[in-house]
Amino acid sequence: MATETDDATRQPGLSRRAFLRGASLAAFGSVTAACNLVPGQENSAALNWWPGWPGPYMQGVIDKFQHSHPRVKVKAGLFYPTGEKLLTAVAAGNAPDMVADLPYYNFIGRGLTVALDDMINASNDISLTDGDIRTANWDAFVWNGKHYGIPAADTAGRQAIGYNLDLIEKAGLDSNSLPETWEQIFEWHKHLTTFDKAGNLQILGIDPIGDRAGATSDGDTWLWPEMWGFHYFDHEKLAYDIDRSETVEFFETILRFYDQVGVTKMTGLATSLGGRPQGAFGQGRQVMSIAYPAGPAEAYDADPKQRFKFSWVPVPASRKGKRLQTVAGHASLIMTSSKHQKEAFALAVFLTQKEACDIFFNNVGWIGPRKSWQKSLNLRKYPEHVQQNILFYTNSIDEANDLWVVDKDPEDSFLSDQWQQAIGKVTHHDITPREAARFLQTQMTEDLTSEKREFSARAT
Amino acid sequence: MAELTYAQNLRSGSAAPKKRRKKAELRRIAVGLGFISPWIIGFLAFTFYPMIASFYYSLTTYDAISPPHFVGLANYRHLFMDDSLFRTALYNTMYFVIIGVPVGFVVAFLLASLLNQPMRGRAFFRTVFFLPAITPLVGTAMVWLWIYDPQFGLINSFLAGHGFKAIPWLTSTSMAKPAIIIILTWAQGATILVFLAALQGVPQHLYEAATIDGANTLRRFWHVTIPMCTPSMLFVLVTSLIESFQSFTLPWLLTQGGPDNSTELYGVYLYRNAFVYFKLGYASAMAWLLFLIICGFSILLMKTSARWVYYAE
């Protein structure tokens, strides 16, 4: 205990008490600064954006936006795996303001994102009705009659099959007479697939569930039901309709390809080279691939020497003549917990505009949602065949005679996983295609009932 | 007089000194608790509360977004009665425990014995064998992905270059589990270190006595080295068992549970339920079941240890 004598004899300087007081003040100052409460900055908005798209070009997009919106400070978190991280952030109460590239309806359906109709209607920069962004693109993010997403990147037609023209011509096939049905694709696949003397896979015709054809969520439709011409999910009744003869047929189709090559060899090639255009397809080891919309530009960037042609995806013989295209792609969603919804909306609109779309296209080949921008695309840096391929993606929405908007399934990440489970079981002959159809139906239905899922509203 | 009073107090057990002692004791406890309070608070907030909460969630359906619905034991019932993938995950995990733990254990002990021998470059070899233990698992996974790659991997390009068929290490249902066990066996650096310490603690005079009694190298190893190392062996077995039951990182990075669920381990399936399927209630039930399984095996191991673990006086 300090006495008067102690106090009287204490040397001038920093006492323990003074040190603690100073340290406390410094700590308080740091905390308040970190909380952005520094006087004079009250009007600025720190926007936390999780676009999910990695790449140095993202900073270019942010810089351009901040230049026109100096009051907004954007911090982009790149957050693969998207669904898992957003779920934990929401549960922890620190969700970002705006998100993209995730199982959209998992979050829209649970009421975690904002209906944007009022903001869109009040905006001079974007419109639901002027036709610049196609109605189908808007519809892909409508839930209960309201719009929950501003179409962003990769919003042209989502589906196309790519052909490696060099490999096709080398194999003596006619690139002017491309297959239209899965039966014809299988014949080409058999002709094009080659093995070495020891039985190792050299060139693969096609992995029918590689790349886009294997996807069911994160901005993509489940292509197989659409190729066979049915909706797997009823928005009105929140009910699945998967256990049907068409599902059995498409599992049989997939199995035929896997049996022809061998399951370990088929998956081995994908493991080695990946599924994207830079993968087996982009590297000239796979002849055909149902590819990303960014495919033509990405494949060209990966290897400019190779020639590709992108065309309509095959359908079963019973639907021959269908020019199928699907719409979904990526949109910007604003979280209900966001305190900066107005600023987030401004960024979402900016992503549809020329400045941002040019950066995306020039760096990764993604196609923006506005028709006016798509028409103004400068494709001169690409050779003629690449230009034609890019135009296929932009024009095919209008030229398709079988256009599908994504089935709004609030359990699409679960479906994605169960679809992979079913494919694994079928291709390893653990279950038959008939059992696979039943398996998916049971799993999805039980998930809705046993987990007592409550969705904010039903889709219309 | 004062001394007498004190002695009398001691004899009669008077309340005052007792009270003082009690007070001092309480103060000591308070100071002790004060010093360890950061840990206590951390334990309560980040271990104890989540455990209790997860037990409650295991009796509910819960997606982390909507409020939980109480469903009693339905999650546990579903695990045992309806979920075939749970049974697959349990089988795969048991495979890892029953095959992977003994293989890793034996290899680590033999390597430690070799590294305990006087030889040139011993420090270098010890470092080499310990390195995998300090290599981040993600880095390890990337390197082994390349070694196992079906097209361009170290092993398969050699095989294909000599006219042999490639080995589908991670793409075949029969090869994927052994392939991961090989990696785990390779990364036994920490276990080797524990065994090395145990081997160096074996008293030299026991070897001398055994040699005088005519024991050869093998007998010395069997009758001296192994019994003297059994306390360390018990420790390694218990910790390896727990680690194996909780395996997640390597199978998730290498195969994501595939091909055809052949590496879908308990931890992988638990993660999938919690964060991909939004089934946190179900995942909590799985976590509690795993806790009980690990407790059961650990208790079994500890109970049987009296028969085979030798603690030198």
# chains A, B, ... in the order shown; residues from 1 in each chain; ligands from 1
$ closest_atom_pairs --of "chain B" --to "chain A" --cutoff "8 Å" --atoms "only C-alpha atoms" --output "tab-separated table"
residue	atom	partner	partner_atom	distance
B:Thr61	CA	A:Glu451	CA	5.6
B:Tyr62	CA	A:Glu451	CA	7.6
B:Ala64	CA	A:Ala91	CA	5.4
B:Ile65	CA	A:Ala91	CA	5.9
B:Ser66	CA	A:Glu454	CA	7.8
B:His69	CA	A:Lys452	CA	7.9
B:Asp149	CA	A:Ser272	CA	6.0
B:Pro150	CA	A:Gly268	CA	5.5
B:Gln151	CA	A:Ser272	CA	6.0
B:Phe152	CA	A:Ser272	CA	7.1
B:Ala160	CA	A:Asn200	CA	7.6
B:Gly163	CA	A:Ala198	CA	5.9
B:Phe164	CA	A:Ala198	CA	5.7
B:Lys165	CA	A:Ala198	CA	5.2
B:Ala166	CA	A:Asn200	CA	6.6
B:Pro168	CA	A:Thr264	CA	6.4
B:Thr171	CA	A:Thr264	CA	5.4
B:Ser172	CA	A:Thr264	CA	5.7
B:Pro259	CA	A:Gly424	CA	6.8
B:Asp260	CA	A:Gly424	CA	4.6
B:Asn261	CA	A:Gln421	CA	7.6
B:Phe275	CA	A:Glu84	CA	5.0
B:Val276	CA	A:Glu84	CA	6.1
B:Tyr277	CA	A:Phe414	CA	5.2
B:Lys279	CA	A:Glu451	CA	7.4
$ atom_distance --atom1 "atom CA of Asp174 of chain A" --atom2 "atom CA of Lys309 of chain A"
12.3 Å
$ residues_around --residues "segment 326-337 of chain A" --least-positions-apart "4" --cutoff "8 Å" --atoms "only C-alpha atoms" --output "PyMOL selection string"
chain A and resi 51+95-101+111-114+136-137+140-141+148-159+218-221+341+344-345+348+397+403-406
$ write_last_selection --atoms "C-alpha atoms" --output "JSON list (two decimals), in the first residue's frame"
[["chain", "number", "residue", "atom", "x", "y", "z"],
["A", 51, "PRO", "CA", -18.38, -11.96, -54.86],
["A", 95, "ALA", "CA", -22.81, -11.64, -42.89],
["A", 96, "PRO", "CA", -21.46, -9.45, -45.68],
["A", 97, "ASP", "CA", -23.58, -6.77, -47.37],
["A", 98, "MET", "CA", -23.64, -8.29, -50.83],
["A", 99, "VAL", "CA", -22.92, -11.76, -52.21],
["A", 100, "ALA", "CA", -22.73, -13.68, -55.49],
["A", 101, "ASP", "CA", -21.74, -17.09, -56.84],
["A", 111, "GLY", "CA", -35.43, -15.03, -46.34],
["A", 112, "LEU", "CA", -31.84, -13.91, -45.92],
["A", 113, "THR", "CA", -31.70, -11.60, -48.93],
["A", 114, "VAL", "CA", -33.57, -8.44, -49.78],
["A", 136, "ALA", "CA", -35.45, -14.48, -68.58],
["A", 137, "ASN", "CA", -32.36, -13.18, -66.75],
["A", 140, "ALA", "CA", -34.00, -16.49, -62.82],
["A", 141, "PHE", "CA", -33.97, -14.61, -59.50],
["A", 148, "TYR", "CA", -33.96, -10.88, -55.38],
["A", 149, "GLY", "CA", -30.99, -10.64, -57.73],
["A", 150, "ILE", "CA", -29.42, -8.14, -60.09],
["A", 151, "PRO", "CA", -27.96, -10.19, -62.97],
["A", 152, "ALA", "CA", -24.19, -9.80, -62.88],
["A", 153, "ALA", "CA", -21.58, -11.94, -64.58],
["A", 154, "ASP", "CA", -21.86, -14.96, -66.87],
["A", 155, "THR", "CA", -25.46, -14.17, -67.64],
["A", 156, "ALA", "CA", -25.58, -15.10, -71.33],
["A", 157, "GLY", "CA", -26.80, -18.54, -72.35],
["A", 158, "ARG", "CA", -25.35, -21.01, -69.88],
["A", 159, "GLN", "CA", -25.13, -24.16, -71.97],
["A", 218, "ASP", "CA", -24.35, -21.98, -57.81],
["A", 219, "GLY", "CA", -25.96, -20.17, -60.71],
["A", 220, "ASP", "CA", -26.63, -23.16, -62.90],
["A", 221, "THR", "CA", -29.60, -25.24, -63.72],
["A", 341, "GLN", "CA", -28.28, -1.73, -48.79],
["A", 344, "ALA", "CA", -24.73, -2.35, -52.16],
["A", 345, "PHE", "CA", -27.46, -1.77, -54.72],
["A", 348, "ALA", "CA", -24.83, -4.32, -58.00],
["A", 397, "ILE", "CA", -30.94, -17.17, -75.57],
["A", 403, "LEU", "CA", -35.47, -21.97, -73.15],
["A", 404, "TRP", "CA", -35.34, -22.91, -69.46],
["A", 405, "VAL", "CA", -35.13, -20.67, -66.44],
["A", 406, "VAL", "CA", -33.48, -22.28, -63.42]]
$ select_by_dssp --residues "segment 138-186 of chain B" --states "alpha helix (DSSP H)" --output "PyMOL selection string"
chain B and resi 138-148+154-161+176-186
$ write_last_selection --atoms "C-alpha atoms" --output "PDB file, in the first residue's frame"
ATOM      1  CA  VAL B 138      -2.595 -28.880 -47.129  1.00  0.00           C
ATOM      2  CA  GLY B 139       0.946 -28.869 -48.511  1.00  0.00           C
ATOM      3  CA  THR B 140       1.256 -32.586 -47.841  1.00  0.00           C
ATOM      4  CA  ALA B 141      -2.013 -33.206 -49.678  1.00  0.00           C
ATOM      5  CA  MET B 142      -0.891 -31.197 -52.704  1.00  0.00           C
ATOM      6  CA  VAL B 143       2.388 -33.081 -52.969  1.00  0.00           C
ATOM      7  CA  TRP B 144       0.700 -36.476 -52.667  1.00  0.00           C
ATOM      8  CA  LEU B 145      -1.992 -35.474 -55.156  1.00  0.00           C
ATOM      9  CA  TRP B 146       0.803 -35.026 -57.646  1.00  0.00           C
ATOM     10  CA  ILE B 147       2.547 -38.265 -56.666  1.00  0.00           C
ATOM     11  CA  TYR B 148      -0.723 -40.192 -57.055  1.00  0.00           C
ATOM     12  CA  LEU B 154       5.421 -39.472 -60.214  1.00  0.00           C
ATOM     13  CA  ILE B 155       4.423 -43.128 -59.975  1.00  0.00           C
ATOM     14  CA  ASN B 156       2.030 -43.382 -62.897  1.00  0.00           C
ATOM     15  CA  SER B 157       4.113 -41.526 -65.435  1.00  0.00           C
ATOM     16  CA  PHE B 158       6.953 -43.909 -64.607  1.00  0.00           C
ATOM     17  CA  LEU B 159       4.630 -46.909 -65.040  1.00  0.00           C
ATOM     18  CA  ALA B 160       3.083 -45.607 -68.268  1.00  0.00           C
ATOM     19  CA  GLY B 161       6.536 -44.731 -69.620  1.00  0.00           C
ATOM     20  CA  ALA B 176      -8.313 -44.839 -52.194  1.00  0.00           C
ATOM     21  CA  LYS B 177      -8.325 -45.861 -48.502  1.00  0.00           C
ATOM     22  CA  PRO B 178      -4.931 -47.618 -48.586  1.00  0.00           C
ATOM     23  CA  ALA B 179      -3.519 -44.650 -50.542  1.00  0.00           C
ATOM     24  CA  ILE B 180      -4.507 -42.250 -47.759  1.00  0.00           C
ATOM     25  CA  ILE B 181      -3.204 -44.640 -45.083  1.00  0.00           C
ATOM     26  CA  ILE B 182       0.161 -44.651 -46.882  1.00  0.00           C
ATOM     27  CA  ILE B 183       0.290 -40.844 -46.534  1.00  0.00           C
ATOM     28  CA  LEU B 184      -0.644 -41.003 -42.857  1.00  0.00           C
ATOM     29  CA  THR B 185       2.022 -43.635 -42.280  1.00  0.00           C
ATOM     30  CA  TRP B 186       4.571 -41.426 -44.018  1.00  0.00           C
TER      31      TRP B 186
END
$ residues_around --residues "His340 of chain A" --least-positions-apart "2" --cutoff "8 Å" --atoms "only C-alpha atoms" --output "list in words"
Ala45, Ala46, Leu47, Asp97, Ser338, Lys342, Glu343 and Ala344 of chain A
$ residues_around --residues "segment 293-303 of chain A" --least-positions-apart "6" --cutoff "10 Å" --atoms "only C-alpha atoms" --output "ChimeraX atom specification"
/A:153-162,212,276-279,281-284,309-310,329,361-367,379,382-383,385-394
$ write_last_selection --atoms "C-alpha atoms" --output "PDB file, in the first residue's frame"
ATOM      1  CA  ALA A 153     -21.577 -11.943 -64.579  1.00  0.00           C
ATOM      2  CA  ASP A 154     -21.856 -14.960 -66.874  1.00  0.00           C
ATOM      3  CA  THR A 155     -25.461 -14.167 -67.645  1.00  0.00           C
ATOM      4  CA  ALA A 156     -25.584 -15.097 -71.325  1.00  0.00           C
ATOM      5  CA  GLY A 157     -26.795 -18.538 -72.349  1.00  0.00           C
ATOM      6  CA  ARG A 158     -25.349 -21.014 -69.883  1.00  0.00           C
ATOM      7  CA  GLN A 159     -25.129 -24.162 -71.969  1.00  0.00           C
ATOM      8  CA  ALA A 160     -23.132 -25.199 -75.001  1.00  0.00           C
ATOM      9  CA  ILE A 161     -21.122 -28.196 -76.058  1.00  0.00           C
ATOM     10  CA  GLY A 162     -17.615 -27.437 -77.218  1.00  0.00           C
ATOM     11  CA  ARG A 212     -21.282 -27.730 -66.648  1.00  0.00           C
ATOM     12  CA  ARG A 276     -12.723 -26.333 -66.908  1.00  0.00           C
ATOM     13  CA  PRO A 277     -11.702 -25.299 -70.428  1.00  0.00           C
ATOM     14  CA  GLN A 278      -8.121 -25.184 -69.212  1.00  0.00           C
ATOM     15  CA  GLY A 279      -8.511 -28.828 -68.190  1.00  0.00           C
ATOM     16  CA  PHE A 281     -10.727 -30.171 -72.987  1.00  0.00           C
ATOM     17  CA  GLY A 282      -8.552 -27.067 -73.143  1.00  0.00           C
ATOM     18  CA  GLN A 283      -5.399 -29.176 -73.225  1.00  0.00           C
ATOM     19  CA  GLY A 284      -6.456 -31.250 -76.179  1.00  0.00           C
ATOM     20  CA  LYS A 309     -16.562 -24.836 -81.957  1.00  0.00           C
ATOM     21  CA  PHE A 310     -19.408 -24.314 -79.484  1.00  0.00           C
ATOM     22  CA  GLY A 329     -25.831 -17.322 -64.205  1.00  0.00           C
ATOM     23  CA  PHE A 361     -14.767  -9.888 -70.209  1.00  0.00           C
ATOM     24  CA  ASN A 362     -11.238  -8.759 -70.972  1.00  0.00           C
ATOM     25  CA  ASN A 363      -9.819 -10.721 -68.048  1.00  0.00           C
ATOM     26  CA  VAL A 364     -11.886 -13.896 -67.860  1.00  0.00           C
ATOM     27  CA  GLY A 365     -14.302 -13.811 -70.778  1.00  0.00           C
ATOM     28  CA  TRP A 366     -17.439 -13.510 -68.658  1.00  0.00           C
ATOM     29  CA  ILE A 367     -20.412 -12.072 -70.469  1.00  0.00           C
ATOM     30  CA  LEU A 379     -14.149  -9.207 -80.326  1.00  0.00           C
ATOM     31  CA  TYR A 382     -10.035 -13.030 -81.125  1.00  0.00           C
ATOM     32  CA  PRO A 383      -9.804 -15.036 -84.348  1.00  0.00           C
ATOM     33  CA  HIS A 385     -13.869 -19.021 -84.848  1.00  0.00           C
ATOM     34  CA  VAL A 386     -13.562 -17.697 -81.262  1.00  0.00           C
ATOM     35  CA  GLN A 387     -15.760 -14.715 -82.133  1.00  0.00           C
ATOM     36  CA  GLN A 388     -18.425 -17.076 -83.474  1.00  0.00           C
ATOM     37  CA  ASN A 389     -18.255 -19.114 -80.285  1.00  0.00           C
ATOM     38  CA  ILE A 390     -18.696 -16.073 -78.045  1.00  0.00           C
ATOM     39  CA  LEU A 391     -21.587 -14.877 -80.174  1.00  0.00           C
ATOM     40  CA  PHE A 392     -23.188 -18.300 -79.805  1.00  0.00           C
ATOM     41  CA  TYR A 393     -23.442 -17.741 -76.057  1.00  0.00           C
ATOM     42  CA  THR A 394     -24.782 -14.178 -76.358  1.00  0.00           C
TER      43      THR A 394
END
$ select_by_dssp --residues "segment 199-371 of chain A" --states "strand (DSSP E or B)" --output "ChimeraX atom specification"
/A:201-204,233-234,239-240,286,288-290,308-311,315,324-327,331-335,370
$ write_last_selection --atoms "N, CA and C atoms" --output "PDB file, in the first residue's frame"
ATOM      1  N   LEU A 201      -5.767 -44.384 -70.758  1.00  0.00           N
ATOM      2  CA  LEU A 201      -6.568 -43.469 -71.574  1.00  0.00           C
ATOM      3  C   LEU A 201      -5.686 -42.373 -72.177  1.00  0.00           C
ATOM      4  N   GLN A 202      -5.787 -42.212 -73.492  1.00  0.00           N
ATOM      5  CA  GLN A 202      -5.003 -41.170 -74.166  1.00  0.00           C
ATOM      6  C   GLN A 202      -5.867 -39.956 -74.496  1.00  0.00           C
ATOM      7  N   ILE A 203      -6.905 -40.184 -75.294  1.00  0.00           N
ATOM      8  CA  ILE A 203      -7.831 -39.110 -75.666  1.00  0.00           C
ATOM      9  C   ILE A 203      -9.236 -39.548 -75.263  1.00  0.00           C
ATOM     10  N   LEU A 204      -9.951 -38.648 -74.603  1.00  0.00           N
ATOM     11  CA  LEU A 204     -11.326 -38.959 -74.188  1.00  0.00           C
ATOM     12  C   LEU A 204     -12.294 -38.238 -75.118  1.00  0.00           C
ATOM     13  N   PHE A 233     -38.457 -29.859 -60.041  1.00  0.00           N
ATOM     14  CA  PHE A 233     -38.925 -29.281 -58.779  1.00  0.00           C
ATOM     15  C   PHE A 233     -40.132 -28.396 -59.048  1.00  0.00           C
ATOM     16  N   ASP A 234     -41.186 -28.599 -58.270  1.00  0.00           N
ATOM     17  CA  ASP A 234     -42.405 -27.804 -58.418  1.00  0.00           C
ATOM     18  C   ASP A 234     -42.367 -26.659 -57.411  1.00  0.00           C
ATOM     19  N   ALA A 239     -42.244 -29.387 -54.126  1.00  0.00           N
ATOM     20  CA  ALA A 239     -42.188 -30.853 -54.217  1.00  0.00           C
ATOM     21  C   ALA A 239     -41.273 -31.266 -55.361  1.00  0.00           C
ATOM     22  N   TYR A 240     -40.582 -32.368 -55.136  1.00  0.00           N
ATOM     23  CA  TYR A 240     -39.667 -32.888 -56.155  1.00  0.00           C
ATOM     24  C   TYR A 240     -40.374 -33.909 -57.038  1.00  0.00           C
ATOM     25  N   GLN A 286      -9.359 -34.067 -74.353  1.00  0.00           N
ATOM     26  CA  GLN A 286     -10.785 -34.426 -74.378  1.00  0.00           C
ATOM     27  C   GLN A 286     -11.396 -33.679 -75.561  1.00  0.00           C
ATOM     28  N   MET A 288     -14.776 -33.376 -76.607  1.00  0.00           N
ATOM     29  CA  MET A 288     -16.041 -32.639 -76.446  1.00  0.00           C
ATOM     30  C   MET A 288     -16.268 -32.332 -74.959  1.00  0.00           C
ATOM     31  N   SER A 289     -16.923 -31.190 -74.702  1.00  0.00           N
ATOM     32  CA  SER A 289     -17.191 -30.825 -73.307  1.00  0.00           C
ATOM     33  C   SER A 289     -18.370 -29.871 -73.237  1.00  0.00           C
ATOM     34  N   ILE A 290     -19.272 -30.147 -72.310  1.00  0.00           N
ATOM     35  CA  ILE A 290     -20.346 -29.181 -72.066  1.00  0.00           C
ATOM     36  C   ILE A 290     -19.742 -28.127 -71.155  1.00  0.00           C
ATOM     37  N   PHE A 308     -11.757 -24.446 -81.510  1.00  0.00           N
ATOM     38  CA  PHE A 308     -12.951 -25.056 -80.916  1.00  0.00           C
ATOM     39  C   PHE A 308     -14.204 -24.544 -81.615  1.00  0.00           C
ATOM     40  N   LYS A 309     -15.255 -25.319 -81.496  1.00  0.00           N
ATOM     41  CA  LYS A 309     -16.562 -24.836 -81.957  1.00  0.00           C
ATOM     42  C   LYS A 309     -17.577 -25.136 -80.862  1.00  0.00           C
ATOM     43  N   PHE A 310     -18.383 -24.121 -80.522  1.00  0.00           N
ATOM     44  CA  PHE A 310     -19.408 -24.314 -79.484  1.00  0.00           C
ATOM     45  C   PHE A 310     -20.780 -24.307 -80.134  1.00  0.00           C
ATOM     46  N   SER A 311     -21.606 -25.258 -79.701  1.00  0.00           N
ATOM     47  CA  SER A 311     -22.916 -25.380 -80.357  1.00  0.00           C
ATOM     48  C   SER A 311     -23.964 -25.859 -79.339  1.00  0.00           C
ATOM     49  N   VAL A 315     -29.578 -33.481 -77.049  1.00  0.00           N
ATOM     50  CA  VAL A 315     -30.801 -33.880 -76.348  1.00  0.00           C
ATOM     51  C   VAL A 315     -31.045 -35.351 -76.683  1.00  0.00           C
ATOM     52  N   LEU A 324     -31.743 -26.160 -77.195  1.00  0.00           N
ATOM     53  CA  LEU A 324     -31.948 -25.910 -75.757  1.00  0.00           C
ATOM     54  C   LEU A 324     -30.969 -24.857 -75.228  1.00  0.00           C
ATOM     55  N   GLN A 325     -31.495 -23.948 -74.443  1.00  0.00           N
ATOM     56  CA  GLN A 325     -30.630 -23.027 -73.729  1.00  0.00           C
ATOM     57  C   GLN A 325     -31.234 -22.792 -72.342  1.00  0.00           C
ATOM     58  N   THR A 326     -30.370 -22.525 -71.368  1.00  0.00           N
ATOM     59  CA  THR A 326     -30.872 -22.261 -70.018  1.00  0.00           C
ATOM     60  C   THR A 326     -30.369 -20.896 -69.542  1.00  0.00           C
ATOM     61  N   VAL A 327     -31.125 -20.311 -68.626  1.00  0.00           N
ATOM     62  CA  VAL A 327     -30.769 -18.991 -68.107  1.00  0.00           C
ATOM     63  C   VAL A 327     -30.628 -19.079 -66.596  1.00  0.00           C
ATOM     64  N   ALA A 331     -25.802 -13.503 -60.049  1.00  0.00           N
ATOM     65  CA  ALA A 331     -26.476 -12.248 -59.723  1.00  0.00           C
ATOM     66  C   ALA A 331     -25.907 -11.721 -58.418  1.00  0.00           C
ATOM     67  N   SER A 332     -26.127 -10.428 -58.191  1.00  0.00           N
ATOM     68  CA  SER A 332     -25.744  -9.838 -56.903  1.00  0.00           C
ATOM     69  C   SER A 332     -26.961  -9.876 -55.987  1.00  0.00           C
ATOM     70  N   LEU A 333     -26.747 -10.445 -54.788  1.00  0.00           N
ATOM     71  CA  LEU A 333     -27.814 -10.515 -53.784  1.00  0.00           C
ATOM     72  C   LEU A 333     -27.413  -9.641 -52.596  1.00  0.00           C
ATOM     73  N   ILE A 334     -28.375  -8.919 -52.054  1.00  0.00           N
ATOM     74  CA  ILE A 334     -28.077  -8.074 -50.887  1.00  0.00           C
ATOM     75  C   ILE A 334     -28.672  -8.728 -49.650  1.00  0.00           C
ATOM     76  N   MET A 335     -27.872  -8.848 -48.618  1.00  0.00           N
ATOM     77  CA  MET A 335     -28.320  -9.542 -47.408  1.00  0.00           C
ATOM     78  C   MET A 335     -29.258  -8.639 -46.594  1.00  0.00           C
ATOM     79  N   ARG A 370     -26.318  -7.038 -70.080  1.00  0.00           N
ATOM     80  CA  ARG A 370     -27.072  -6.071 -70.901  1.00  0.00           C
ATOM     81  C   ARG A 370     -26.898  -6.382 -72.393  1.00  0.00           C
TER      82      ARG A 370
END
$ residues_around --residues "Leu59 of chain B" --least-positions-apart "4" --cutoff "7 Å" --atoms "only C-alpha atoms" --output "list in words"
Phe55, Phe70, Val71, Gly72, Leu73, Asn75 and Gly281 of chain B
$ write_last_selection --atoms "C-alpha atoms" --output "short mmCIF file (atom, residue, chain, number, x, y, z; two decimals), in the first residue's frame"
data_model
loop_
_atom_site.label_atom_id
_atom_site.label_comp_id
_atom_site.auth_asym_id
_atom_site.auth_seq_id
_atom_site.Cartn_x
_atom_site.Cartn_y
_atom_site.Cartn_z
CA PHE B 55 -26.06 -31.73 -27.17
CA PHE B 70 -37.07 -30.02 -30.80
CA VAL B 71 -37.36 -33.55 -32.22
CA GLY B 72 -36.17 -35.64 -29.28
CA LEU B 73 -34.06 -38.61 -30.32
CA ASN B 75 -31.69 -37.58 -35.23
CA GLY B 281 -28.85 -30.72 -35.49
#
$ residues_around --residues "segment 243-249 of chain A" --least-positions-apart "4" --cutoff "6 Å" --atoms "only C-alpha atoms" --output "PyMOL selection string"
chain A and resi 433-434+437-438+441
